[in-house]
Amino acid sequence: METEEKSLNFIEQIVEKDLQEGKNNGRIQTRFPPEPNGYLHIGHVKAICMDFGIADKYNGVCNLRFDDTNPVKEDTEYVDSIQHDIAWLGFHWGKIFYASDYFEKLYDLAIRFIREGKAYVDEQTAEQIAEQKGTPTEPGVASPFRDRPIEENLRLFQAMQNGEIEDGKMVLRAKIDMANPNMHFRDPIMYRIITTHPHHRTGRRWNVYPMYDFAHGQSDYFEGVTHSICTLEFVVHRPLYDYFIDQFADSDYRPHQYEFNRLNITYTVMSKRKMLQLVKEGLVAGWDDPRMPTVCGLRRRGYTPEAIRAFINTIGYTKVEGMIDYTWLENAIREDQKEKAPRVCAILDPVKLVLTNYEGEGETLTAENIDGHPELGTREMRFAKELYIERGDFLEEADKNFFRLSPNGREVRLKNAYIIQATGCDKDAQGNVTTVYATYDPTSKSGTEGGNRKTKSTINWVECTTCIDAEARLYDRLFRVENPSAEEGDFRDLLNPDSLHVVNCKVEGALRSEMRDTTYVDGIAQVNHFQFLKQGYFVVDPDTTASHLVFNRTASLKDNWQK
């Protein structure tokens, strides 16, 4: 998808100013720091495009760092999936780091803070600590353990690490300012005890784990990050980020944190906690359910890396939070695929059409993969006396505004084939049409002189004996309200009951070669995209087998939701 040259976003402006002023000796280093407690979603992609994009644009490096400081929620499954998704999106990291790489250094720093009187062990409950924090306009109340002797703090912190203290019984807090107007400065927790779960890398080596605010800035400093880019909710954390680094930094170098607006999209949720609920409760088919906003879900639905990156480029980066309409994402894949996806006929609600005056065994017609682009190849379509057409393309009794098949003498063209006229139909006992009858004009074949005759409507078809039975999964919005996170009550009650329809359809025989398992190259799924004429953009699903072809609808040809 081609995009117009855009002006620099505000972070690019900051980077260019730093380069002009010679900061960090002209060095640019960013990092993407996901917590491995779930699968990446489209919101993460915005950060990925920023972090890796800045490094790419200014000849810098972007490292991948896993923020693995909470063994209760983290797993190597998520580590692997994150790497896979980033690579699939087309980005390349410099090195891979883990916050756990620095557990020893961070622990030593905590000891240093205690020795310098800047940290203490607090035995209060989480509820008591929260109550004593105060409000933005009222100072907090000091912990009764705030002034305990340094040696006692050292002994207790060592006992915490030795596994001698139960989870939740003690924490290590920074000793800063309980009256600071920034609530994050009111003696924030630096370490908590976690003995119930082994760490995915360090096993049972540690019983105390650093909090995000204590680990993140230090990790940036250890790695030499110049521009630590994150979302707006971390603005209030930035002073604490700087404070912790200032307590131990031994040079003029400092990483600097910058914030941009996070990505919120209508009709979905971006909370990993809520997504995990949907998965565990079977409300979706898994993390890669095509209705999910995860990268693996978008990939399975048929979104390409190019379309996703074009979408992110279109919405841009600001310092103002907002909500992006889901149609922007759909428009990105339509733009990406309109000149790429081969066109094929697929009949989602088939009814038989019999051409009563057609004689012979049938014939092979040639159709362009994309109309008007012969350079993109052609395909063969088998044509014969009996075909399938869409049920909605025929009405036994139609008014003057219905231009498709009806036994009223009006001519209709079969796509890439002949002009026909309906003559009647058969019905079952319930009054449903079972067979449509028509005659064809043998002189009206597309591509011949007689094929130039115009009709007001062209309909799609597949030949009965060579078409393939397939399954089509028609996806829609996951939720029925625009912003489910803002609604009261249980968000699961807001799920769209019509977000998935599965239909058995008939697709033209040219797709027979697609009846195989999805293949992988370097661990990246290779999927096949098509435009089903008049139906939308579809992709072969990994559930496809040699005997069962499955398609996911990526997007309709135009937005029907607003209607």
# chains A, B, ... in the order shown; residues from 1 in each chain; ligands from 1

$ residues_around --residues "region 207-218 of chain A" --least-positions-apart "4" --cutoff "9 Å" --atoms "only C-alpha atoms" --output "PyMOL selection string"
chain A and resi 33+67+69-71+99+102-103+106-107+157+160-163+167+171+188-196+198+222-223+228+237+240-242+244-245+255+257

$ write_last_selection --atoms "N, CA, C and O atoms" --output "compact mmCIF listing (two decimals), in the first residue's frame"
# COMPACT_ATOMS: atom_id res chain seq x y z
N PRO A 33 9.97 -3.47 24.75
CA PRO A 33 10.04 -4.24 26.00
C PRO A 33 8.74 -4.92 26.41
O PRO A 33 8.15 -4.56 27.44
N ASP A 67 10.26 -8.02 29.45
CA ASP A 67 10.10 -7.51 30.81
C ASP A 67 9.55 -8.63 31.69
O ASP A 67 8.38 -8.63 32.08
N THR A 69 9.49 -9.87 34.85
CA THR A 69 9.68 -9.68 36.29
C THR A 69 8.53 -10.26 37.12
O THR A 69 8.50 -10.06 38.33
N ASN A 70 7.58 -10.95 36.48
CA ASN A 70 6.46 -11.53 37.22
C ASN A 70 6.25 -12.98 36.77
O ASN A 70 5.49 -13.24 35.82
N PRO A 71 6.87 -13.94 37.44
CA PRO A 71 6.79 -15.34 37.00
C PRO A 71 5.39 -15.94 37.10
O PRO A 71 5.13 -16.99 36.52
N ALA A 99 14.73 -8.68 31.24
CA ALA A 99 14.90 -8.00 32.52
C ALA A 99 15.57 -8.94 33.52
O ALA A 99 16.33 -8.50 34.39
N TYR A 102 19.22 -8.91 34.44
CA TYR A 102 19.73 -7.90 35.37
C TYR A 102 19.28 -8.13 36.80
O TYR A 102 19.44 -7.25 37.66
N PHE A 103 18.72 -9.30 37.09
CA PHE A 103 18.24 -9.54 38.45
C PHE A 103 19.36 -9.36 39.49
O PHE A 103 19.14 -8.82 40.57
N LEU A 106 20.14 -5.61 39.76
CA LEU A 106 19.04 -4.90 40.40
C LEU A 106 18.99 -5.22 41.89
O LEU A 106 18.72 -4.33 42.72
N TYR A 107 19.28 -6.47 42.23
CA TYR A 107 19.30 -6.85 43.65
C TYR A 107 20.42 -6.10 44.37
O TYR A 107 20.23 -5.57 45.48
N PHE A 157 15.51 -8.07 54.14
CA PHE A 157 15.51 -8.19 52.68
C PHE A 157 16.21 -9.48 52.26
O PHE A 157 15.77 -10.18 51.33
N MET A 160 13.81 -12.23 52.88
CA MET A 160 12.83 -12.28 51.78
C MET A 160 13.39 -13.07 50.60
O MET A 160 12.74 -13.95 50.05
N GLN A 161 14.64 -12.80 50.26
CA GLN A 161 15.26 -13.48 49.13
C GLN A 161 15.54 -14.95 49.45
O GLN A 161 15.46 -15.81 48.57
N ASN A 162 15.79 -15.25 50.69
CA ASN A 162 16.08 -16.64 51.08
C ASN A 162 14.84 -17.51 51.10
O ASN A 162 14.95 -18.72 51.33
N GLY A 163 13.67 -16.93 50.88
CA GLY A 163 12.45 -17.71 50.91
C GLY A 163 11.93 -17.95 52.32
O GLY A 163 11.09 -18.83 52.53
N ASP A 167 4.82 -15.03 50.84
CA ASP A 167 4.39 -14.06 49.83
C ASP A 167 3.40 -13.08 50.45
O ASP A 167 2.47 -13.47 51.17
N VAL A 171 7.41 -6.17 51.70
CA VAL A 171 7.86 -5.59 50.44
C VAL A 171 9.02 -4.66 50.75
O VAL A 171 9.19 -4.21 51.90
N PRO A 188 7.37 4.26 46.66
CA PRO A 188 6.89 3.16 45.79
C PRO A 188 7.54 1.84 46.16
O PRO A 188 8.65 1.78 46.69
N ILE A 189 6.84 0.76 45.87
CA ILE A 189 7.36 -0.58 46.12
C ILE A 189 8.42 -0.90 45.07
O ILE A 189 8.21 -0.72 43.87
N MET A 190 9.56 -1.39 45.53
CA MET A 190 10.66 -1.77 44.64
C MET A 190 10.69 -3.29 44.40
O MET A 190 10.98 -3.74 43.29
N TYR A 191 10.41 -4.07 45.45
CA TYR A 191 10.46 -5.52 45.36
C TYR A 191 9.28 -6.15 46.09
O TYR A 191 8.82 -5.64 47.12
N ARG A 192 8.79 -7.29 45.56
CA ARG A 192 7.79 -8.09 46.26
C ARG A 192 8.26 -9.55 46.23
O ARG A 192 9.13 -9.92 45.46
N ILE A 193 7.65 -10.35 47.10
CA ILE A 193 8.02 -11.77 47.23
C ILE A 193 7.11 -12.61 46.34
O ILE A 193 5.90 -12.46 46.36
N ILE A 194 7.71 -13.50 45.54
CA ILE A 194 6.94 -14.48 44.76
C ILE A 194 7.66 -15.82 44.87
O ILE A 194 8.73 -16.02 44.28
N THR A 195 7.08 -16.72 45.65
CA THR A 195 7.70 -18.04 45.82
C THR A 195 6.85 -19.16 45.22
O THR A 195 7.30 -20.30 45.14
N THR A 196 5.64 -18.80 44.79
CA THR A 196 4.69 -19.83 44.34
C THR A 196 4.95 -20.33 42.93
O THR A 196 4.49 -21.40 42.56
N PRO A 198 7.88 -20.81 39.72
CA PRO A 198 9.26 -20.67 39.23
C PRO A 198 9.31 -19.73 38.04
O PRO A 198 8.34 -19.62 37.28
N PHE A 222 21.37 0.12 31.66
CA PHE A 222 22.36 -0.94 31.47
C PHE A 222 22.61 -1.22 30.00
O PHE A 222 23.73 -1.53 29.60
N GLU A 223 21.59 -1.09 29.17
CA GLU A 223 21.70 -1.44 27.75
C GLU A 223 22.16 -0.27 26.88
O GLU A 223 22.51 -0.47 25.72
N SER A 228 13.73 6.01 25.16
CA SER A 228 12.85 5.00 25.75
C SER A 228 11.41 5.44 25.48
O SER A 228 10.89 6.33 26.15
N HIS A 237 4.96 8.28 35.40
CA HIS A 237 6.04 7.43 35.89
C HIS A 237 7.42 8.01 35.54
O HIS A 237 8.41 7.61 36.14
N LEU A 240 9.85 9.28 38.26
CA LEU A 240 10.42 8.19 39.06
C LEU A 240 11.45 7.41 38.26
O LEU A 240 12.48 6.98 38.80
N TYR A 241 11.19 7.26 36.98
CA TYR A 241 12.15 6.64 36.05
C TYR A 241 13.49 7.38 36.15
O TYR A 241 14.55 6.76 36.30
N ASP A 242 13.43 8.70 36.08
CA ASP A 242 14.65 9.51 36.15
C ASP A 242 15.28 9.45 37.55
O ASP A 242 16.51 9.38 37.68
N PHE A 244 15.26 7.08 39.93
CA PHE A 244 15.99 5.85 40.24
C PHE A 244 17.35 5.82 39.53
O PHE A 244 18.36 5.42 40.13
N ILE A 245 17.37 6.23 38.26
CA ILE A 245 18.64 6.22 37.52
C ILE A 245 19.62 7.20 38.14
O ILE A 245 20.82 6.91 38.28
N PRO A 255 19.26 7.62 29.67
CA PRO A 255 18.18 7.36 28.72
C PRO A 255 17.04 8.33 29.02
O PRO A 255 16.84 8.72 30.17
N GLN A 257 12.84 9.12 28.51
CA GLN A 257 11.55 8.52 28.20
C GLN A 257 10.66 9.52 27.46
O GLN A 257 10.57 10.68 27.83

$ residues_around --residues "region 491-499 of chain A" --least-positions-apart "3" --cutoff "9 Å" --atoms "only C-alpha atoms" --output "MDAnalysis selection string"
chainID A and resid 274 278 283 291 474:481 484:485 487:488

$ residues_around --residues "Arg262 (chain A)" --least-positions-apart "5" --cutoff "7 Å" --atoms "only C-alpha atoms" --output "list in words"
Gly43, Thr231, Leu232 and Glu321 of chain A

$ select_by_dssp --residues "region 194-352 of chain A" --states "helix (DSSP H, G or I)" --output "ChimeraX atom specification"
/A:212-223,232-246,272-280,295-301,305-315,326-337

$ closest_residue --among "A:Gln158, A:Ser556, A:Thr466, A:Asn37" --to "Lys73 (chain A)" --atoms "only C-alpha atoms"
A:Asn37
